[in-house]
$ cat run03.tsv   # TSV, C-alpha atoms
chain	number	residue	atom	x	y	z
A	1	MET	CA	2.44	-96.61	76.77
A	2	ASN	CA	1.71	-97.51	80.38
A	3	ARG	CA	-1.54	-99.07	81.47
A	4	LEU	CA	-4.07	-96.34	82.00
A	5	ASP	CA	-5.75	-95.88	85.36
A	6	LEU	CA	-8.77	-93.72	84.51
A	7	GLY	CA	-9.85	-93.32	88.13
A	8	ALA	CA	-6.46	-91.92	89.14
A	9	LEU	CA	-6.46	-89.63	86.11
A	10	PHE	CA	-9.93	-88.37	87.04
A	11	LEU	CA	-8.95	-87.65	90.65
A	12	HIS	CA	-5.73	-85.92	89.66
A	13	PHE	CA	-7.53	-83.63	87.19
A	14	LEU	CA	-10.25	-82.97	89.76
A	15	ALA	CA	-7.67	-81.74	92.28
A	16	LEU	CA	-5.88	-79.64	89.64
A	17	TRP	CA	-8.95	-77.70	88.57
A	18	PHE	CA	-9.65	-76.71	92.15
A	19	VAL	CA	-6.37	-74.76	92.14
A	20	ALA	CA	-6.47	-73.51	88.54
A	21	ILE	CA	-6.56	-69.85	89.55
A	22	GLY	CA	-5.73	-67.67	86.56
A	23	GLY	CA	-7.19	-70.13	84.09
A	24	PRO	CA	-6.21	-73.27	82.22
A	25	SER	CA	-2.75	-72.02	81.25
A	26	THR	CA	-1.58	-72.08	84.88
A	27	ILE	CA	-2.07	-75.87	85.16
A	28	LEU	CA	-0.89	-76.81	81.66
A	29	PRO	CA	2.72	-77.48	82.81
A	30	GLU	CA	1.45	-79.79	85.55
A	31	ILE	CA	-0.82	-81.72	83.15
A	32	HIS	CA	2.14	-82.13	80.81
A	33	ARG	CA	4.35	-83.37	83.67
A	34	TYR	CA	1.71	-85.85	84.85
A	35	LEU	CA	0.88	-87.37	81.45
A	36	VAL	CA	4.29	-87.24	79.76
A	37	ASP	CA	6.98	-87.40	82.44
A	38	VAL	CA	5.37	-89.34	85.27
A	39	HIS	CA	3.01	-91.81	83.57
A	40	HIS	CA	4.36	-91.90	79.98
A	41	LEU	CA	0.83	-91.96	78.57
A	42	LEU	CA	1.78	-89.51	75.80
A	43	THR	CA	5.04	-88.32	74.27
A	44	SER	CA	5.81	-84.61	74.50
A	45	ALA	CA	5.29	-84.30	70.73
A	46	GLN	CA	1.87	-85.98	70.94
A	47	PHE	CA	0.90	-83.62	73.75
A	48	ALA	CA	1.89	-80.58	71.64
A	49	GLU	CA	0.00	-81.90	68.60
A	50	ILE	CA	-3.17	-82.53	70.59
A	51	TYR	CA	-2.92	-79.07	72.15
A	52	THR	CA	-2.49	-77.34	68.78
A	53	LEU	CA	-5.35	-79.29	67.27
A	54	ALA	CA	-7.67	-78.33	70.12
A	55	GLN	CA	-6.75	-74.65	69.70
A	56	ALA	CA	-8.03	-74.88	66.13
A	57	ALA	CA	-11.45	-75.99	67.32
A	58	PRO	CA	-14.00	-73.38	68.39
A	59	GLY	CA	-14.69	-73.04	72.11
A	60	PRO	CA	-12.71	-72.51	75.28
A	61	ASN	CA	-9.00	-73.26	75.01
A	62	ALA	CA	-9.25	-75.59	78.00
A	63	MET	CA	-11.06	-78.14	75.81
A	64	TYR	CA	-7.69	-79.66	74.92
A	65	VAL	CA	-8.13	-81.86	78.02
A	66	THR	CA	-11.25	-83.35	76.37
A	67	LEU	CA	-9.20	-84.30	73.33
A	68	ILE	CA	-6.49	-85.82	75.55
A	69	GLY	CA	-9.18	-87.95	77.22
A	70	TRP	CA	-10.53	-89.06	73.84
A	71	TYR	CA	-7.04	-89.92	72.65
A	72	LEU	CA	-6.27	-91.97	75.77
A	73	ALA	CA	-9.51	-93.90	76.27
A	74	GLY	CA	-12.40	-92.81	74.02
A	75	TRP	CA	-15.65	-91.76	75.70
A	76	PRO	CA	-14.69	-92.87	79.26
A	77	GLY	CA	-11.50	-90.84	78.82
A	78	VAL	CA	-13.55	-87.81	77.73
A	79	ALA	CA	-15.60	-88.10	80.92
A	80	ALA	CA	-12.50	-88.57	83.09
A	81	THR	CA	-10.82	-85.37	81.82
A	82	THR	CA	-13.84	-83.14	81.04
A	83	ILE	CA	-15.95	-83.56	84.19
A	84	PRO	CA	-13.08	-82.23	86.36
A	85	LEU	CA	-12.76	-79.24	84.01
A	86	LEU	CA	-16.43	-78.41	84.63
A	87	VAL	CA	-17.49	-79.40	88.12
A	88	PRO	CA	-15.08	-77.82	90.65
A	89	PRO	CA	-14.85	-74.37	88.97
A	90	THR	CA	-18.56	-74.05	88.19
A	91	THR	CA	-19.53	-75.08	91.73
A	92	LEU	CA	-17.31	-72.43	93.29
A	93	THR	CA	-18.42	-69.87	90.73
A	94	LEU	CA	-22.11	-70.57	91.41
A	95	PHE	CA	-21.49	-69.95	95.08
A	96	VAL	CA	-19.71	-66.65	94.46
A	97	GLY	CA	-22.22	-65.69	91.77
A	98	HIS	CA	-25.03	-66.36	94.24
A	99	LEU	CA	-23.46	-64.08	96.86
A	100	ASN	CA	-22.84	-61.44	94.21
A	101	GLU	CA	-26.46	-61.42	93.03
A	102	ARG	CA	-27.92	-61.71	96.53
A	103	TYR	CA	-25.88	-58.82	97.93
A	104	PRO	CA	-25.10	-56.65	94.88
A	105	ASP	CA	-24.45	-53.57	97.00
A	106	ALA	CA	-22.30	-55.16	99.71
A	107	PRO	CA	-19.31	-52.82	100.08
A	108	ILE	CA	-16.78	-55.66	100.02
A	109	GLY	CA	-18.25	-57.09	96.79
A	110	ARG	CA	-18.19	-53.62	95.24
A	111	ALA	CA	-14.59	-53.03	96.29
A	112	ILE	CA	-13.52	-56.43	94.86
A	113	ARG	CA	-15.33	-55.92	91.55
A	114	ARG	CA	-14.28	-52.33	91.02
A	115	GLY	CA	-10.78	-52.71	92.43
A	116	LEU	CA	-9.87	-55.78	90.43
A	117	ALA	CA	-11.48	-54.83	87.11
A	118	PRO	CA	-8.46	-52.77	85.93
A	119	ILE	CA	-6.13	-55.65	86.88
A	120	THR	CA	-8.20	-57.98	84.69
A	121	ILE	CA	-7.86	-55.52	81.81
A	122	GLY	CA	-4.09	-55.19	82.38
A	123	LEU	CA	-3.64	-58.98	82.47
A	124	THR	CA	-5.75	-59.48	79.35
A	125	PHE	CA	-3.66	-56.82	77.62
A	126	ALA	CA	-0.55	-58.74	78.68
A	127	SER	CA	-2.02	-61.99	77.24
A	128	ALA	CA	-2.82	-60.20	73.97
A	129	THR	CA	0.72	-58.82	73.59
A	130	ILE	CA	2.36	-62.16	74.51
A	131	LEU	CA	0.13	-63.94	72.00
A	132	MET	CA	0.82	-61.35	69.31
A	133	ARG	CA	4.56	-61.75	69.79
A	134	ALA	CA	4.25	-65.55	69.68
A	135	VAL	CA	2.24	-65.74	66.45
A	136	ASN	CA	3.78	-62.89	64.42
A	137	HIS	CA	7.10	-63.64	62.75
A	138	ASP	CA	7.68	-60.47	60.71
A	139	TRP	CA	6.13	-57.16	59.59
A	140	ARG	CA	3.56	-58.89	57.39
A	141	GLY	CA	2.00	-60.52	60.44
A	142	TYR	CA	1.85	-57.18	62.23
A	143	LEU	CA	0.25	-55.62	59.17
A	144	LEU	CA	-2.51	-58.27	59.36
A	145	THR	CA	-2.79	-57.55	63.10
A	146	LEU	CA	-3.18	-53.81	62.52
A	147	PHE	CA	-5.71	-54.40	59.73
A	148	THR	CA	-7.76	-56.69	62.00
A	149	VAL	CA	-7.79	-54.27	64.94
A	150	VAL	CA	-8.82	-51.32	62.73
A	151	MET	CA	-11.58	-53.36	61.07
A	152	VAL	CA	-12.96	-54.52	64.43
A	153	LEU	CA	-12.95	-51.05	65.97
A	154	ARG	CA	-14.27	-49.20	62.88
A	155	ARG	CA	-16.62	-51.51	61.00
A	156	PRO	CA	-19.58	-53.73	62.01
A	157	LEU	CA	-18.19	-56.63	59.97
A	158	ASN	CA	-18.61	-60.23	61.13
A	159	PRO	CA	-15.11	-61.14	62.39
A	160	LEU	CA	-15.47	-64.68	61.01
A	161	TRP	CA	-14.59	-63.02	57.68
A	162	LEU	CA	-11.38	-61.73	59.25
A	163	LEU	CA	-10.52	-65.22	60.53
A	164	ALA	CA	-11.21	-66.64	57.06
A	165	ALA	CA	-8.94	-63.95	55.57
A	166	GLY	CA	-6.25	-64.93	58.08
A	167	ALA	CA	-6.59	-68.60	57.10
A	168	ALA	CA	-6.34	-67.68	53.39
A	169	ALA	CA	-3.28	-65.51	54.02
A	170	GLY	CA	-1.69	-68.43	55.87
A	171	ILE	CA	-2.38	-70.97	53.11
A	172	LEU	CA	-1.04	-68.60	50.45
A	173	GLY	CA	2.12	-68.14	52.54
A	174	LEU	CA	1.61	-64.37	52.99
A	175	VAL	CA	2.05	-64.35	56.78
B	1	MET	CA	-21.93	-45.52	86.02
B	2	GLU	CA	-22.58	-45.65	89.78
B	3	GLN	CA	-25.57	-47.98	89.52
B	4	THR	CA	-24.53	-51.60	89.04
B	5	LYS	CA	-27.84	-52.85	87.65
B	6	LEU	CA	-29.92	-50.29	85.79
B	7	TYR	CA	-31.90	-52.70	83.70
B	8	LYS	CA	-32.10	-56.48	83.53
B	9	PRO	CA	-33.61	-57.78	80.29
B	10	PRO	CA	-35.87	-60.88	80.44
B	11	VAL	CA	-33.76	-63.88	79.44
B	12	THR	CA	-34.82	-67.55	79.59
B	13	ALA	CA	-32.69	-70.67	80.09
B	14	LEU	CA	-33.22	-71.50	76.39
B	15	ASP	CA	-31.94	-68.04	75.37
B	16	LEU	CA	-28.89	-68.64	77.53
B	17	PHE	CA	-28.25	-72.08	76.02
B	18	LEU	CA	-28.56	-70.78	72.44
B	19	THR	CA	-26.55	-67.61	73.04
B	20	PHE	CA	-23.65	-69.38	74.74
B	21	SER	CA	-23.70	-72.06	72.01
B	22	ARG	CA	-23.38	-69.31	69.44
B	23	ILE	CA	-20.58	-67.59	71.35
B	24	THR	CA	-18.59	-70.76	71.76
B	25	LEU	CA	-19.03	-72.08	68.21
B	26	SER	CA	-17.82	-68.74	66.82
B	27	SER	CA	-14.81	-68.56	69.12
B	28	PHE	CA	-11.80	-69.68	67.21
B	29	GLY	CA	-8.67	-68.88	69.21
B	30	GLY	CA	-10.26	-67.82	72.50
B	31	ALA	CA	-13.79	-66.98	73.58
B	32	LEU	CA	-13.34	-63.56	75.20
B	33	PHE	CA	-13.76	-61.49	72.03
B	34	TRP	CA	-16.97	-63.32	71.07
B	35	ALA	CA	-18.39	-63.23	74.58
B	36	ARG	CA	-18.06	-59.42	74.80
B	37	ARG	CA	-19.35	-58.89	71.26
B	38	THR	CA	-22.42	-61.07	71.83
B	39	LEU	CA	-23.34	-60.17	75.42
B	40	VAL	CA	-22.58	-56.43	75.25
B	41	ASP	CA	-22.86	-55.28	71.62
B	42	ARG	CA	-25.50	-57.61	70.18
B	43	GLN	CA	-27.80	-58.91	72.93
B	44	ARG	CA	-27.23	-55.93	75.25
B	45	TRP	CA	-27.67	-58.16	78.31
B	46	LEU	CA	-24.72	-56.48	80.02
B	47	THR	CA	-22.95	-53.13	79.85
B	48	ASP	CA	-19.18	-53.04	79.34
B	49	ARG	CA	-18.85	-52.24	83.02
B	50	GLU	CA	-20.96	-55.24	84.13
B	51	PHE	CA	-19.14	-57.48	81.68
B	52	ILE	CA	-15.72	-56.58	83.05
B	53	GLU	CA	-16.93	-56.98	86.65
B	54	LEU	CA	-18.31	-60.50	86.06
B	55	LEU	CA	-15.22	-61.43	84.05
B	56	THR	CA	-13.07	-60.24	86.95
B	57	LEU	CA	-14.87	-62.56	89.36
B	58	GLY	CA	-14.52	-65.36	86.79
B	59	GLN	CA	-10.81	-64.65	86.55
B	60	ILE	CA	-10.01	-64.81	90.26
B	61	LEU	CA	-11.93	-68.08	90.67
B	62	PRO	CA	-10.24	-71.29	89.49
B	63	GLY	CA	-11.04	-72.57	86.01
B	64	ALA	CA	-11.53	-71.12	82.54
B	65	ASN	CA	-12.52	-67.46	82.92
B	66	VAL	CA	-15.19	-67.35	80.19
B	67	LEU	CA	-16.72	-70.61	81.48
B	68	ASN	CA	-17.03	-68.97	84.91
B	69	LEU	CA	-18.51	-65.91	83.22
B	70	ALA	CA	-21.12	-68.18	81.58
B	71	VAL	CA	-22.05	-69.57	85.01
B	72	MET	CA	-22.52	-66.10	86.49
B	73	VAL	CA	-24.44	-64.66	83.53
B	74	GLY	CA	-26.71	-67.74	83.50
B	75	TYR	CA	-27.29	-67.50	87.23
B	76	ARG	CA	-27.98	-63.75	87.08
B	77	PHE	CA	-30.74	-64.08	84.50
B	78	ALA	CA	-32.32	-67.49	85.20
B	79	GLY	CA	-30.97	-68.96	88.46
B	80	TRP	CA	-29.56	-72.48	88.74
B	81	THR	CA	-31.23	-73.71	85.54
B	82	GLY	CA	-29.87	-70.68	83.72
B	83	ALA	CA	-26.33	-71.42	84.90
B	84	ALA	CA	-26.66	-75.08	83.83
B	85	ALA	CA	-28.10	-74.05	80.44
B	86	ALA	CA	-25.29	-71.54	79.82
B	87	VAL	CA	-22.60	-74.11	80.71
B	88	ALA	CA	-24.23	-76.83	78.58
B	89	GLY	CA	-24.40	-74.44	75.63
B	90	PHE	CA	-20.85	-73.28	76.18
B	91	VAL	CA	-19.11	-76.68	76.32
B	92	GLY	CA	-21.55	-79.09	74.57
B	93	GLY	CA	-20.83	-78.09	70.95
B	94	PRO	CA	-17.05	-77.69	71.31
B	95	CYS	CA	-16.84	-81.08	73.03
B	96	LEU	CA	-18.33	-82.79	69.96
B	97	VAL	CA	-16.29	-80.68	67.51
B	98	VAL	CA	-13.01	-81.36	69.29
B	99	ILE	CA	-13.70	-85.12	69.34
B	100	SER	CA	-14.58	-85.12	65.62
B	101	MET	CA	-11.29	-83.34	64.96
B	102	GLY	CA	-9.51	-85.97	67.03
B	103	VAL	CA	-11.07	-88.73	64.89
B	104	LEU	CA	-10.05	-86.98	61.65
B	105	TYR	CA	-6.58	-86.35	63.00
B	106	GLN	CA	-6.09	-90.02	63.95
B	107	GLN	CA	-7.06	-90.93	60.37
B	108	TYR	CA	-5.26	-88.30	58.31
B	109	GLY	CA	-2.61	-86.71	60.51
B	110	ALA	CA	-1.60	-83.06	60.23
B	111	LEU	CA	-1.72	-81.58	56.73
B	112	PRO	CA	0.74	-78.71	56.08
B	113	GLN	CA	-2.04	-76.56	54.53
B	114	VAL	CA	-4.09	-76.93	57.70
B	115	GLN	CA	-1.12	-75.89	59.81
B	116	ARG	CA	-0.48	-72.80	57.65
B	117	ALA	CA	-4.16	-71.84	57.79
B	118	LEU	CA	-4.00	-72.18	61.58
B	119	ALA	CA	-0.94	-69.91	61.69
B	120	GLY	CA	-2.83	-67.19	59.78
B	121	MET	CA	-5.96	-67.60	61.91
B	122	SER	CA	-3.97	-67.37	65.13
B	123	ILE	CA	-2.62	-63.94	64.06
B	124	VAL	CA	-6.19	-62.70	63.56
B	125	ALA	CA	-7.32	-64.32	66.82
B	126	ALA	CA	-4.58	-62.51	68.78
B	127	ALA	CA	-5.58	-59.22	67.13
B	128	LEU	CA	-9.25	-59.81	68.08
B	129	LEU	CA	-8.22	-60.21	71.72
B	130	PHE	CA	-6.20	-56.98	71.48
B	131	ALA	CA	-9.23	-55.12	70.06
B	132	THR	CA	-11.39	-56.46	72.91
B	133	VAL	CA	-8.98	-55.11	75.51
B	134	ILE	CA	-9.07	-51.67	73.87
B	135	LYS	CA	-12.88	-51.64	74.06
B	136	LEU	CA	-12.93	-52.79	77.69
B	137	ALA	CA	-10.28	-50.26	78.71
B	138	MET	CA	-12.45	-47.45	77.28
B	139	ALA	CA	-15.11	-48.38	79.86
B	140	LEU	CA	-12.75	-47.80	82.80
B	141	PRO	CA	-13.38	-44.63	84.82
B	142	ARG	CA	-11.14	-41.76	83.72
B	143	ARG	CA	-9.27	-41.63	87.00
B	144	TRP	CA	-5.61	-42.32	87.71
B	145	ARG	CA	-6.02	-45.15	90.21
B	146	PRO	CA	-7.70	-47.80	88.02
B	147	TRP	CA	-5.31	-47.00	85.19
B	148	LEU	CA	-2.31	-47.27	87.52
B	149	PHE	CA	-3.33	-50.78	88.65
B	150	GLY	CA	-4.04	-51.82	85.06
B	151	ILE	CA	-0.64	-50.63	83.88
B	152	LEU	CA	1.14	-52.29	86.84
B	153	ALA	CA	-0.60	-55.63	86.14
B	154	PHE	CA	0.32	-55.40	82.46
B	155	THR	CA	3.94	-54.50	83.20
B	156	GLY	CA	4.39	-57.24	85.80
B	157	VAL	CA	3.01	-60.08	83.67
B	158	GLY	CA	3.44	-58.84	80.10
B	159	VAL	CA	6.79	-57.02	80.28
B	160	MET	CA	8.68	-58.37	83.31
B	161	ARG	CA	7.14	-61.87	82.87
B	162	TRP	CA	6.81	-62.35	86.62
B	163	PRO	CA	4.66	-65.34	87.77
B	164	LEU	CA	0.95	-64.52	87.57
B	165	LEU	CA	0.18	-65.62	91.12
B	166	TRP	CA	2.82	-63.28	92.56
B	167	VAL	CA	1.58	-60.30	90.58
B	168	ILE	CA	-2.06	-60.93	91.54
B	169	GLY	CA	-1.05	-61.71	95.14
B	170	VAL	CA	0.59	-58.30	95.52
B	171	LEU	CA	-1.67	-56.10	93.38
B	172	ALA	CA	-5.12	-57.53	94.16
B	173	PRO	CA	-5.20	-56.75	97.92
B	174	LEU	CA	-3.84	-53.24	97.27
B	175	ALA	CA	-6.41	-52.58	94.54
B	176	VAL	CA	-9.31	-53.87	96.65
B	177	ALA	CA	-8.13	-51.85	99.67
B	178	ALA	CA	-7.84	-48.70	97.54
B	179	ALA	CA	-11.33	-49.22	96.12
B	180	TRP	CA	-12.65	-49.84	99.64
B	181	LYS	CA	-11.18	-46.60	101.00
B	182	ALA	CA	-12.20	-44.42	98.06
B	183	LYS	CA	-15.91	-45.17	98.40
B	184	ASP	CA	-16.86	-43.34	95.22
B	185	TYR	CA	-14.95	-45.55	92.78

$ encode --input "run03.tsv" --output "C-alpha cells"
Amino acid sequence: MNRLDLGALFLHFLALWFVAIGGPSTILPEIHRYLVDVHHLLTSAQFAEIYTLAQAAPGPNAMYVTLIGWYLAGWPGVAATTIPLLVPPTTLTLFVGHLNERYPDAPIGRAIRRGLAPITIGLTFASATILMRAVNHDWRGYLLTLFTVVMVLRRPLNPLWLLAAGAAAGILGLV
Amino acid sequence: MEQTKLYKPPVTALDLFLTFSRITLSSFGGALFWARRTLVDRQRWLTDREFIELLTLGQILPGANVLNLAVMVGYRFAGWTGAAAAVAGFVGGPCLVVISMGVLYQQYGALPQVQRALAGMSIVAAALLFATVIKLAMALPRRWRPWLFGILAFTGVGVMRWPLLWVIGVLAPLAVAAAWKAKDY
C-alpha cells in the first residue's frame, strides 16, 4: 500500500462530487481508478468487498465512500471522503431549492420540473430493470420479485418484512 | 393538478431530522422506495406530483438524488435549519452503521450466510424500486408527451445502454422546450 495523502484524497473527492451529475454511480469508475489503479491504496477485490458491504447497510448507496475512508485512515479518512460527498452537492441544491421555493410559479422552473419529471421516471424504471436483471439468476428470483411488487401495491404491509423474507430465502438457498 | 402547492403542513426541523433518520435507517438497498412511502403515503408532506418534481431537481444536480431531495424538502418546510436537520438525519445514522460494519468486517471477514442473505435482500430491494416507479408513473398526466419522454429515457438507458449523460443531454432540452411551449402541462 502506498503512503496515504489524505489532503489530496479530500481534494480529489471534492472535485468529483461537483461533477457527479446522475448520482454516485456515475463517478464510481473514477473513484475505482483513482484508489486502485493510480495510487494502489486498495486492491480491486478490496474495493468490491467494501462496496458490497456498504450496500448491505441502510442509507444512501453513496455511503460506500465513508467506509473506504474508514478502511484507509479511520476517522480522519471518514472526514476526508464523507465531507466531499455532502458539501458540494448540498450547497448547489440549497441554491436551486431556494430559487424554486422563492419563485414557485416562474415559467422556466415549471417547464423544467414538469418537462423532466417523466425522464426521471423513465430513468428510474431503467435502473429498476437493470438491477432486477443483475440480482435475479433464474425464475425463482423473478417469482420473489413478482410477489414483492404485488404485496407492495396491494397490501399496507411493512416492507421490512419483505426484506426479511428475502434474506431468509437467500440463507435457505431458495433464490 | 395545476396548483403546485395546495397545502403545506407545519413541519419543524426536529420533525425533519427524525423523519429522514427513519427513512434512511429503513432503506436497505436504496432510499427511494422509503422516501416516497414516508413523505407521500405516511406523513403526507408531499403529493406524488410534488415528490417527483423535487426528485427531478435532485437528479439533475450533482450528488446522491435522495440526499438532494432531503435538502430541498428540509428547505421547503423549515429553511436553512430544516435543510441541515434533514441532511444530518439522512446521513448521521448510516455513517455510524457503515463504520460499525467495517469494524465487524475487519474482525470476522465475509461469512457465506451473510452473503446469501444479502443476495436475497437485493432481489426484494430491486422489486421495491420497481414498485415505486409504478406508483410514480401513475401520477403522470394522462397525455402522450410525458409518456413519450419517459419511454424514450427508459429505452435509451435501460435497453440500448447508451451513456446517461448523452441521453439526458439530448432528451432534457427537448422535454423542457416542449413543456415550455405547451403552457398547460

$ residues_near_point --input "run03.tsv" --point "(-11.3, -53.0, 67.3)" --cutoff "7 Å" --atoms "all atoms listed in the file" --output "MDAnalysis selection string"
(chainID A and resid 149:154) or (chainID B and resid 131:132)

$ closest_residue --input "run03.tsv" --among "A:Ala169, A:Ala128, A:Leu123, A:Leu143" --to "Gly156 in chain B" --atoms "all atoms listed in the file"
A:Leu123

$ closest_residue --input "run03.tsv" --among "B:Ala83, B:Ala182, B:Val176, B:Leu46" --to "chain A" --atoms "all atoms listed in the file"
B:Val176

$ interface_residues --input "run03.tsv" --of "chain B" --to "chain A" --cutoff "6 Å" --atoms "only C-alpha atoms" --output "count of residues only"
40

$ atom_distance --input "run03.tsv" --atom1 "CA of Val97 in chain B" --atom2 "CA of Gly77 in chain A"
15.9 Å

$ atom_distance --input "run03.tsv" --atom1 "CA of Ala86 in chain B" --atom2 "CA of Thr12 in chain B"
10.3 Å

$ atom_distance --input "run03.tsv" --atom1 "CA of Asp15 in chain B" --atom2 "CA of Glu50 in chain B"
19.0 Å

$ axis_aligned_box --input "run03.tsv" --around "range 137-148 of chain B" --padding-each-side "6 Å" --output "JSON"
{"center_x": -8.7, "center_y": -45.9, "center_z": 83.7, "size_x": 24.8, "size_y": 20.6, "size_z": 24.9}

$ closest_residue --input "run03.tsv" --among "B:Leu128, B:Ile52, B:Leu165, B:Leu136" --to "Trp34 in chain B" --atoms "only C-alpha atoms"
B:Leu128

$ build_atoms --input "run03.tsv" --residues "range 158-174 of chain A" --atoms "N, CA and C atoms" --output "compact mmCIF listing (two decimals), keeping the file's coordinate frame"
# COMPACT_ATOMS: atom_id res chain seq x y z
N ASN A 158 -18.72 -58.99 60.37
CA ASN A 158 -18.61 -60.23 61.13
C ASN A 158 -17.15 -60.71 61.13
N PRO A 159 -16.54 -60.82 62.33
CA PRO A 159 -15.11 -61.14 62.39
C PRO A 159 -14.77 -62.53 61.87
N LEU A 160 -15.79 -63.39 61.64
CA LEU A 160 -15.47 -64.68 61.01
C LEU A 160 -14.83 -64.46 59.64
N TRP A 161 -15.22 -63.35 58.97
CA TRP A 161 -14.59 -63.02 57.68
C TRP A 161 -13.11 -62.74 57.87
N LEU A 162 -12.79 -62.05 58.98
CA LEU A 162 -11.38 -61.73 59.25
C LEU A 162 -10.59 -63.01 59.50
N LEU A 163 -11.20 -63.95 60.27
CA LEU A 163 -10.52 -65.22 60.53
C LEU A 163 -10.32 -65.99 59.22
N ALA A 164 -11.34 -65.95 58.36
CA ALA A 164 -11.21 -66.64 57.06
C ALA A 164 -10.09 -66.00 56.25
N ALA A 165 -10.02 -64.64 56.29
CA ALA A 165 -8.94 -63.95 55.57
C ALA A 165 -7.58 -64.36 56.13
N GLY A 166 -7.51 -64.49 57.45
CA GLY A 166 -6.25 -64.93 58.08
C GLY A 166 -5.87 -66.33 57.61
N ALA A 167 -6.87 -67.24 57.56
CA ALA A 167 -6.59 -68.60 57.10
C ALA A 167 -6.09 -68.59 55.66
N ALA A 168 -6.75 -67.77 54.80
CA ALA A 168 -6.34 -67.68 53.39
C ALA A 168 -4.92 -67.15 53.29
N ALA A 169 -4.62 -66.08 54.05
CA ALA A 169 -3.28 -65.51 54.02
C ALA A 169 -2.24 -66.55 54.44
N GLY A 170 -2.61 -67.39 55.42
CA GLY A 170 -1.69 -68.43 55.87
C GLY A 170 -1.44 -69.48 54.80
N ILE A 171 -2.53 -69.93 54.14
CA ILE A 171 -2.38 -70.97 53.11
C ILE A 171 -1.56 -70.45 51.93
N LEU A 172 -1.78 -69.16 51.57
CA LEU A 172 -1.04 -68.60 50.45
C LEU A 172 0.41 -68.25 50.82
N GLY A 173 0.73 -68.40 52.12
CA GLY A 173 2.12 -68.14 52.54
C GLY A 173 2.43 -66.65 52.67
N LEU A 174 1.38 -65.82 52.89
CA LEU A 174 1.61 -64.37 52.99
C LEU A 174 2.03 -63.95 54.38
